[in-house]
Structure formats: structure tokens, C-alpha cells
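Visitor: I'm passing along my_file-v9.txt; it holds compact mmCIF, C-alpha atoms.
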```txt
# COMPACT_ATOMS: atom_id res chain seq x y z
CA MET A 1 41.31 -3.65 24.69
CA LEU A 2 37.59 -3.49 23.96
CA THR A 3 35.18 -4.38 26.68
CA GLU A 4 31.86 -6.03 25.87
CA PHE A 5 30.14 -2.65 26.11
CA GLY A 6 32.72 -1.27 23.66
CA LYS A 7 31.66 -3.86 21.10
CA ILE A 8 28.04 -2.79 21.56
CA LEU A 9 29.10 0.83 21.09
CA ILE A 10 30.79 -0.13 17.81
CA PHE A 11 27.58 -1.81 16.72
CA PHE A 12 25.62 1.35 17.52
CA ILE A 13 28.07 3.52 15.56
CA LEU A 14 28.03 1.18 12.57
CA GLY A 15 24.23 1.10 12.63
CA ALA A 16 24.04 4.90 12.70
CA VAL A 17 26.57 5.17 9.86
CA PHE A 18 24.65 2.63 7.78
CA VAL A 19 21.31 4.43 8.18
CA ALA A 20 22.82 7.87 7.65
CA GLY A 21 24.68 6.60 4.55
CA GLY A 22 21.45 5.33 3.01
CA LEU A 23 19.62 8.59 3.70
CA ILE A 24 22.47 10.75 2.38
CA ALA A 25 22.89 8.62 -0.76
CA SER A 26 19.19 8.82 -1.55
CA TRP A 27 19.24 12.58 -0.91
CA ILE A 28 22.06 12.94 -3.46
CA LEU A 29 20.57 10.64 -6.09
CA ARG A 30 16.85 11.23 -5.98
CA PRO A 31 14.94 13.78 -8.04
CA ASN A 32 13.03 16.13 -5.78
CA ARG A 33 10.12 17.82 -7.53
CA PRO A 34 7.30 18.15 -5.01
CA TYR A 35 3.90 19.63 -5.78
CA PRO A 36 0.69 19.58 -3.70
CA GLU A 37 -0.98 16.72 -5.54
CA LYS A 38 2.08 14.51 -5.08
CA LEU A 39 2.34 15.26 -1.37
CA ARG A 40 -1.32 14.49 -0.73
CA PRO A 41 -2.04 11.40 1.44
CA TYR A 42 -2.48 8.18 -0.52
CA GLU A 43 -6.05 6.92 -0.31
CA CYS A 44 -6.08 4.39 -3.16
CA GLY A 45 -6.58 7.17 -5.69
CA GLU A 46 -9.58 8.66 -3.95
CA GLU A 47 -9.82 12.19 -2.67
CA PRO A 48 -8.83 12.15 1.02
CA VAL A 49 -11.83 13.09 3.17
CA GLY A 50 -11.86 14.08 6.82
CA ASN A 51 -9.38 13.48 9.58
CA ALA A 52 -7.28 10.36 10.04
CA TRP A 53 -7.55 10.73 13.83
CA VAL A 54 -10.98 9.16 14.19
CA ARG A 55 -12.37 7.75 17.44
CA PHE A 56 -12.72 4.02 17.84
CA ASN A 57 -15.51 2.43 19.80
CA ILE A 58 -14.54 1.77 23.44
CA ARG A 59 -15.87 -1.78 23.10
CA PHE A 60 -12.80 -2.67 21.02
CA TYR A 61 -10.72 -2.10 24.16
CA VAL A 62 -12.18 -5.09 25.99
CA ILE A 63 -11.79 -7.28 22.90
CA ALA A 64 -8.13 -6.20 22.58
CA LEU A 65 -7.50 -6.94 26.26
CA ILE A 66 -8.99 -10.43 26.04
CA PHE A 67 -7.07 -11.07 22.82
CA LEU A 68 -3.84 -10.04 24.55
CA ILE A 69 -4.39 -12.54 27.35
CA PHE A 70 -4.86 -15.43 24.96
CA ASP A 71 -2.03 -14.22 22.77
CA VAL A 72 0.34 -14.47 25.74
CA GLU A 73 -1.12 -17.85 26.56
CA VAL A 74 -0.24 -19.14 23.09
CA VAL A 75 3.26 -17.67 23.39
CA PHE A 76 3.76 -19.75 26.53
CA LEU A 77 2.04 -22.85 25.14
CA PHE A 78 4.20 -23.29 22.03
CA PRO A 79 7.63 -23.62 23.70
CA TRP A 80 6.01 -25.71 26.43
CA ALA A 81 4.58 -28.10 23.83
CA LEU A 82 8.02 -28.45 22.18
CA VAL A 83 9.80 -29.63 25.36
CA PHE A 84 6.75 -31.21 26.95
CA ARG A 85 8.14 -34.79 26.92
CA GLN A 86 11.46 -33.86 28.51
CA LEU A 87 9.90 -31.85 31.33
CA GLY A 88 7.48 -34.54 32.47
CA LEU A 89 4.58 -34.40 34.87
CA PHE A 90 5.62 -31.24 36.75
CA ALA A 91 5.47 -29.06 33.63
CA PHE A 92 2.10 -30.58 32.73
CA VAL A 93 0.64 -29.67 36.12
CA GLU A 94 2.19 -26.20 35.98
CA MET A 95 0.67 -25.50 32.58
CA GLY A 96 -2.64 -26.89 33.80
CA VAL A 97 -2.66 -24.39 36.67
CA PHE A 98 -1.72 -21.57 34.31
CA LEU A 99 -4.49 -22.49 31.87
CA LEU A 100 -6.97 -22.86 34.73
CA ILE A 101 -6.28 -19.29 35.89
CA LEU A 102 -6.82 -17.98 32.38
CA ILE A 103 -9.94 -20.07 31.88
CA VAL A 104 -11.40 -18.73 35.13
CA GLY A 105 -10.75 -15.22 33.81
CA PHE A 106 -12.33 -16.15 30.50
CA ALA A 107 -15.42 -17.56 32.24
CA TYR A 108 -15.64 -14.36 34.30
CA VAL A 109 -15.54 -12.22 31.19
CA TRP A 110 -18.13 -14.44 29.52
CA VAL A 111 -20.50 -14.30 32.49
CA LYS A 112 -20.09 -10.54 32.83
CA GLY A 113 -21.22 -10.26 29.19
CA ASP A 114 -18.15 -8.48 27.87
CA LEU A 115 -18.05 -10.82 24.89
CA ASP A 116 -21.55 -9.75 23.83
CA TRP A 117 -21.49 -6.96 21.31
CA ASP A 118 -24.51 -4.93 22.39
CA LYS A 119 -25.87 -3.01 19.50
CA PRO A 120 -27.44 0.41 19.97
CA LYS A 121 -31.19 0.19 20.27
CA PRO A 122 -32.70 2.88 18.08
CA VAL A 123 -35.77 4.67 19.37
CA ILE A 124 -38.50 3.89 16.90
CA PRO A 125 -40.90 6.85 16.66
CA GLN A 126 -44.48 6.06 17.48
CA VAL A 127 -46.73 7.20 14.68
CA ASN A 128 -49.99 6.99 16.62
CA ARG A 129 -49.05 9.24 19.51
CA PRO A 130 -49.72 12.64 17.90
CA MET A 131 -53.23 11.51 17.00
CA LYS A 132 -53.90 10.65 20.65
CA LEU A 133 -52.61 14.01 21.77
CA VAL A 134 -54.89 15.72 19.32
CA GLN A 135 -57.92 13.76 20.51
CA GLN A 136 -57.11 14.63 24.14
CA THR A 137 -59.20 17.49 25.50
CA PRO A 138 -57.69 19.89 28.05
CA GLN A 139 -59.91 18.41 30.74
CA GLU A 140 -58.57 14.90 30.07
CA ALA A 141 -55.00 16.14 30.16
CA SER A 142 -55.45 17.82 33.50
CA VAL A 143 -56.93 14.60 35.01
CA MET B 144 15.46 19.68 -7.01
CA GLY B 145 17.74 16.90 -5.90
CA LEU B 146 21.46 17.29 -5.77
CA LEU B 147 22.22 15.61 -9.10
CA ASP B 148 18.98 15.70 -10.99
CA TYR B 149 19.24 17.87 -14.15
CA LYS B 150 22.00 19.91 -12.54
CA PHE B 151 24.67 19.66 -15.18
CA GLU B 152 25.09 21.97 -18.16
CA SER B 153 27.28 19.65 -20.17
CA SER B 154 28.39 16.05 -19.99
CA ASN B 155 31.76 14.55 -19.19
CA VAL B 156 33.13 11.11 -18.40
CA PHE B 157 32.22 11.22 -14.70
CA ILE B 158 28.68 12.30 -15.36
CA THR B 159 28.12 9.69 -18.03
CA SER B 160 29.50 6.97 -15.75
CA LEU B 161 27.16 8.10 -13.00
CA GLU B 162 24.32 8.20 -15.50
CA ASN B 163 25.07 4.66 -16.56
CA LEU B 164 25.07 3.50 -12.96
CA LEU B 165 21.83 5.29 -12.13
CA ASN B 166 20.08 4.16 -15.29
CA TRP B 167 21.21 0.58 -14.76
CA ALA B 168 19.89 0.66 -11.20
CA ARG B 169 16.59 2.15 -12.31
CA LEU B 170 15.95 -0.14 -15.25
CA SER B 171 16.82 -3.23 -13.20
CA SER B 172 14.24 -2.52 -10.52
CA LEU B 173 11.16 -1.12 -12.22
CA PHE B 174 8.66 -1.66 -9.42
CA GLN B 175 5.18 -1.90 -10.79
CA MET B 176 2.03 -0.39 -9.43
CA GLN B 177 -0.27 -3.23 -8.41
CA PHE B 178 -3.58 -2.58 -10.03
CA GLY B 179 -5.49 -3.81 -13.05
CA LEU B 180 -8.53 -2.37 -14.76
CA ALA B 181 -9.94 -5.00 -17.10
CA CYS B 182 -9.13 -8.17 -19.00
CA CYS B 183 -5.58 -6.97 -19.78
CA ALA B 184 -4.94 -7.33 -16.06
CA ILE B 185 -5.47 -11.08 -16.46
CA GLU B 186 -2.67 -11.15 -19.00
CA MET B 187 -0.59 -9.00 -16.65
CA MET B 188 -1.16 -11.56 -13.90
CA ALA B 189 -0.10 -14.30 -16.31
CA ALA B 190 3.04 -12.29 -17.01
CA SER B 191 3.69 -12.17 -13.27
CA ALA B 192 3.19 -15.91 -12.88
CA SER B 193 5.92 -18.50 -13.21
CA ASN B 194 5.58 -19.23 -16.93
CA PHE B 195 6.52 -15.71 -18.03
CA ASP B 196 8.01 -14.48 -14.76
CA ILE B 197 8.10 -10.70 -15.16
CA MET B 198 10.07 -10.51 -11.91
CA ARG B 199 13.27 -11.53 -13.69
CA PHE B 200 13.23 -7.99 -15.13
CA GLY B 201 12.94 -6.59 -11.62
CA VAL B 202 9.26 -5.74 -12.05
CA ILE B 203 7.83 -6.34 -8.60
CA PRO B 204 4.27 -5.30 -7.77
CA ARG B 205 4.00 -2.78 -4.94
CA ALA B 206 0.73 -1.75 -3.36
CA THR B 207 1.45 1.96 -2.96
CA PRO B 208 2.42 4.61 -5.50
CA ARG B 209 5.16 5.89 -3.18
CA GLN B 210 7.26 2.80 -3.86
CA THR B 211 6.54 2.30 -7.54
CA ASP B 212 8.42 3.34 -10.68
CA VAL B 213 6.19 2.13 -13.46
CA MET B 214 2.43 2.24 -13.79
CA ILE B 215 1.07 -0.43 -16.12
CA VAL B 216 -2.34 0.79 -17.19
CA ALA B 217 -3.84 -2.61 -17.99
CA GLY B 218 -7.35 -2.28 -19.31
CA THR B 219 -10.24 0.00 -20.09
CA VAL B 220 -9.87 3.44 -18.56
CA THR B 221 -13.37 4.62 -17.81
CA LEU B 222 -14.00 8.31 -17.29
CA LYS B 223 -14.59 7.65 -13.58
CA MET B 224 -11.27 5.87 -13.30
CA ALA B 225 -9.36 8.50 -15.28
CA SER B 226 -9.31 11.03 -12.45
CA ARG B 227 -8.15 8.30 -10.07
CA ILE B 228 -5.38 7.28 -12.44
CA LYS B 229 -4.28 10.89 -12.76
CA ARG B 230 -4.16 11.20 -8.97
CA LEU B 231 -2.27 7.92 -8.56
CA TYR B 232 0.24 9.00 -11.19
CA ASP B 233 0.70 12.29 -9.38
CA GLN B 234 1.38 10.44 -6.15
CA MET B 235 4.11 8.24 -7.63
CA ALA B 236 7.67 9.20 -6.76
CA GLU B 237 9.92 10.27 -9.61
CA PRO B 238 11.40 8.89 -11.80
CA ARG B 239 8.09 7.42 -12.95
CA TYR B 240 7.05 5.73 -16.14
CA VAL B 241 3.80 4.59 -17.68
CA ILE B 242 3.13 1.57 -19.86
CA SER B 243 -0.20 1.68 -21.63
CA MET B 244 -1.22 -1.93 -22.11
CA GLY B 245 -3.86 -2.94 -24.62
CA SER B 246 -6.04 -1.17 -27.14
CA CYS B 247 -8.45 0.27 -24.59
CA SER B 248 -5.85 2.31 -22.76
CA ASN B 249 -3.97 3.08 -25.99
CA CYS B 250 -6.86 4.64 -27.85
CA GLY B 251 -10.18 3.52 -26.41
CA GLY B 252 -10.09 0.16 -28.21
CA PRO B 253 -13.52 -1.27 -29.06
CA TYR B 254 -15.12 1.70 -27.27
CA TRP B 255 -13.47 4.25 -29.53
CA GLU B 256 -16.68 5.36 -31.20
CA HIS B 257 -19.72 4.57 -29.07
CA GLY B 258 -18.14 4.16 -25.66
CA TYR B 259 -19.73 7.10 -23.86
CA HIS B 260 -17.98 6.14 -20.61
CA VAL B 261 -14.46 5.33 -21.82
CA LEU B 262 -11.46 7.62 -22.03
CA LYS B 263 -10.12 7.53 -25.58
CA GLY B 264 -6.57 6.71 -24.62
CA VAL B 265 -4.91 7.08 -21.22
CA ASP B 266 -2.39 9.51 -22.74
CA ARG B 267 -5.10 12.15 -22.50
CA VAL B 268 -4.56 12.33 -18.74
CA ILE B 269 -1.03 11.06 -18.10
CA PRO B 270 2.15 10.91 -20.23
CA VAL B 271 2.75 7.43 -21.62
CA ASP B 272 6.23 6.02 -22.27
CA VAL B 273 5.46 2.71 -23.96
CA TYR B 274 2.33 1.55 -25.77
CA VAL B 275 1.72 -2.20 -25.91
CA PRO B 276 -0.77 -3.06 -28.67
CA GLY B 277 -3.18 -5.97 -28.53
CA CYS B 278 -6.63 -6.82 -27.32
CA PRO B 279 -5.50 -8.10 -24.90
CA PRO B 280 -1.76 -8.33 -25.53
CA ARG B 281 -0.16 -11.64 -24.70
CA PRO B 282 2.25 -11.69 -21.74
CA GLU B 283 5.16 -11.80 -24.19
CA ALA B 284 3.99 -8.46 -25.56
CA LEU B 285 4.01 -6.98 -22.07
CA LEU B 286 7.52 -8.33 -21.55
CA GLU B 287 8.52 -6.65 -24.82
CA GLY B 288 6.99 -3.42 -23.49
CA ILE B 289 9.05 -3.72 -20.32
CA MET B 290 12.19 -4.23 -22.40
CA LYS B 291 11.35 -1.21 -24.54
CA LEU B 292 10.95 0.84 -21.38
CA GLN B 293 14.29 -0.43 -20.12
CA GLU B 294 15.90 0.72 -23.38
CA LYS B 295 14.32 4.12 -22.84
CA VAL B 296 15.55 4.35 -19.24
CA ARG B 297 19.04 3.34 -20.38
CA LYS B 298 19.23 6.47 -22.56
CA GLU B 299 18.28 8.89 -19.81
CA SER B 300 20.60 11.74 -18.94
CA LEU B 301 21.37 13.91 -15.93
CA SER B 302 22.19 16.99 -17.97
CA LYS B 303 19.73 19.75 -18.67
CA LYS B 304 19.60 19.45 -22.46
CA VAL B 305 17.67 16.20 -22.62
CA GLN B 306 15.32 17.09 -19.83
CA LYS B 307 11.88 15.63 -20.15
CA VAL B 308 8.86 17.04 -18.42
```
As C-alpha cells, please, write out the structure in this file.

Guide:
Amino acid sequence: MLTEFGKILIFFILGAVFVAGGLIASWILRPNRPYPEKLRPYECGEEPVGNAWVRFNIRFYVIALIFLIFDVEVVFLFPWALVFRQLGLFAFVEMGVFLLILIVGFAYVWVKGDLDWDKPKPVIPQVNRPMKLVQQTPQEASV
Amino acid sequence: MGLLDYKFESSNVFITSLENLLNWARLSSLFQMQFGLACCAIEMMAASASNFDIMRFGVIPRATPRQTDVMIVAGTVTLKMASRIKRLYDQMAEPRYVISMGSCSNCGGPYWEHGYHVLKGVDRVIPVDVYVPGCPPRPEALLEGIMKLQEKVRKESLSKKVQKV
């Protein structure tokens, strides 16, 4: 009879049939009257401007990486907190070591200054400089 | 064109049964476009809340025109907003319906004469199925508008003769 893999195969086939059935039924039933304005990307009613493939600032990468670390930490912490009383002292020490490693990494990131969002420093034009240049004689400039 | 939509020259018992099924399905799940323009939107929110509960008619707010069937134009349509409304209506998937809610979107309302910035009725840019009068209409009036629209959807046909544009 069916092996365990055979049951999984049946699940795959049923899933494919279900999805294909939905798509075919909607293809039969739906009205299809496309025109350019209808096919245009939805931008809350505004005229779409520019490309959707814009560049993001590289600084978001570090933030995402740090967020990922603490996200995983929380994923581990919640089940640990649920069975904390049953597991006893060993689990507490284990989690302490785990948190310590992450906190060391966090302190490293903090000290390195990756959490600081350094803003671009605009070059403010000096208004007085042209006047100085004008007052300079060729002799002064050569000296 | 789809496979069934306006394909039939004449009607018979199979087509009318299919029509009934389709129309029942459409009128029972009139997803609503989630936007409001002015004070009528407050009444629309009240209609969505538990006391009037517009969801029992299958009117569920969706945040994108691709998933919506009915656009409830609730409030004053300014000239700036009119082009946006036209574009949003164009982006809705068919079959699509429009309920014009309140005097402002019906005919300009209190701005009908001196409102230099108000469109004198939303039916100047998009076709309207049901007009709900009032300034603003009470939620019961909006529910009545939904029921009128459901009556209209119930009479729709797949055959070419009754084709609407």
C-alpha cells in the first residue's frame, strides 16, 4: 500500500489540483477587459513616477543585521521562558551564556559606532572667500 | 474578454442558472474601497461599526482597488481629487460599481453654485450606480444604498443584449 512518501505525493497532487482549479475557475468566470489605465501600477491614485527599483542606503544593512540577531534571541527566549521552571538551573545558566555572547556582540557594535546614524555633513559655502581672492595681488599669491 | 462574459447571444435555462449563481456570489461579497473624502466618511465608518454592521451584507473594506467591487464615494469631490478618483476607478477590477454617497458627490451639494474647487457631481468623471441622498446620509441610508445596488447586481445578465458599458 501507500508509503509515507506516497501520502506526501498525494498531498502535493491535491494541492496542485486545488490551486489550478481556483485559477481555471476564475479564468472562466471573470470579465477580462484590460486597458492601459487599468493595468497601470497602483500608487494610491497618484500618477506613478520613476522606477520601483530604487537603491536603499547601505546603513540599513547593519541595522537589519543587528535586528536579526535580537530577533533570533527572542525566538529562543520565549520557549525557554515557558519551560523555565521544569528545566531548572542548567537551562538558566545555558541561557545566561547565550545572552552573554549576544550582549558582547551588542557592546562591540555599540563601541564601533554602528548604531550611530551619521548624517552627511554638507559643505557650507564660504561667502567671504571670493572677496579675499579679489583683494589678493599677484605678488601676494606667489608668496 | 473572459470565457463567459457577454458571450451569449440568447438566454436559456443553463445560462440563467449560471447568471443567478454569479450574481448571488457578486452581490454577497461587495468588497468596498477603503477611502473617505469628507464628513460622509464618518457616517460610512459608523455604518461599518457594530451598531449598523455593514459587513453583514458582505461589504468588507479593502485597501487596494484590485480587490474591490464597489467604490463608495463618501464626501466632497474636489477637482484635485476627481482625477485621482477617475484613476482609482480605472484600476478597479471588473465587475465594478459606484455608490455616490451624500449631496456633495451627487451634485456638488452646498458647493453647487459658488464652490470653485468642487466637482458638481462625481458622475461627471465616473459612472454611478446608486445615489444616496443626504447631507450627510445616515448609516441606514447607506445600507439602503447597498441593498439597492444588490438588487441591481441581481438583475445582471451574461448575454449580449443587456450589456452595459

Visitor: Using only C-alpha atoms, which residue out of B:Asp266, B:Glu152, B:Glu162, B:Glu294 lies closest to chain A?

Guide: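 The closest residue to chain A is B:Glu162.
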
Visitor: Find the residue from B:Val265, B:Leu231, B:Ala206, B:Leu170 that sits nearest to chain A; use all atoms listed in the file when measuring.

Guide: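 Smallest distance to chain A is found for B:Leu231.
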
Visitor: May I have the centre and edge lengths, in Å to one decimal, of an axis-aligned box around the listed atoms of stretch 183-197 of chain B with 3 Å added to every side, as lines of an AutoDock Vina configuration file?

Guide:
```
center_x = 1.3
center_y = -13.1
center_z = -16.3
size_x = 19.7
size_y = 18.3
size_z = 12.9
```

Visitor: Within 8 Å of chain A, which residues belong to chain B? Use only C-alpha atoms and report them as a PyMOL selection string.

Guide: chain B and resi 144-148+207-208+227-228+230-231+233-238

Visitor: How many Å lie between atom CA of B:Gly245 and atom CA of B:Ala168, rounded to one decimal?

Guide: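 Result for atom CA of B:Gly245 versus atom CA of B:Ala168: 27.5 Å, one decimal.
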
Visitor: For A:Ile66, which residue among A:Ala107, A:Ile24, A:Val97, A:Leu82 is the nearest when counting only C-alpha atoms?

Guide: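 Checking each candidate against A:Ile66, we get A:Ala107 as the closest.
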
Visitor: Tell me, in Å to one decimal, how far atom CA of B:Glu299 is from atom CA of B:Asn163.

Guide: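 Between atom CA of B:Glu299 and atom CA of B:Asn163 the gap works out to 8.6 Å.
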
Visitor: Give the answer as one residue: which of B:Val271, B:Leu165, B:Cys183, B:Cys250 has the shortest atom-to-atom distance to B:Leu292, using only C-alpha atoms?

Guide: B:Val271

Visitor: Identify, on the basis of only C-alpha atoms, every residue whose closest approach to B:Phe174 does not exceed 8 Å; exclude the query and any residue fewer than 5 positions from it along the same chain; express the result as a VMD selection string.

Guide: chain B and resid 201 to 205 210 to 213

Visitor: Grab the atom CA of B:Ile215 to atom CA of B:Ile242 distance for me, in Å with one decimal place.

Guide: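 Value for the atom CA of B:Ile215-atom CA of B:Ile242 distance: 4.7 Å.
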
Visitor: Env of A:Asp114: 8 Å cut, atoms = only C-alpha atoms, seq-sep filter 4 positions within chain, self excluded. Answer as a ChimeraX atom specification.

Guide: /A:62,109-110
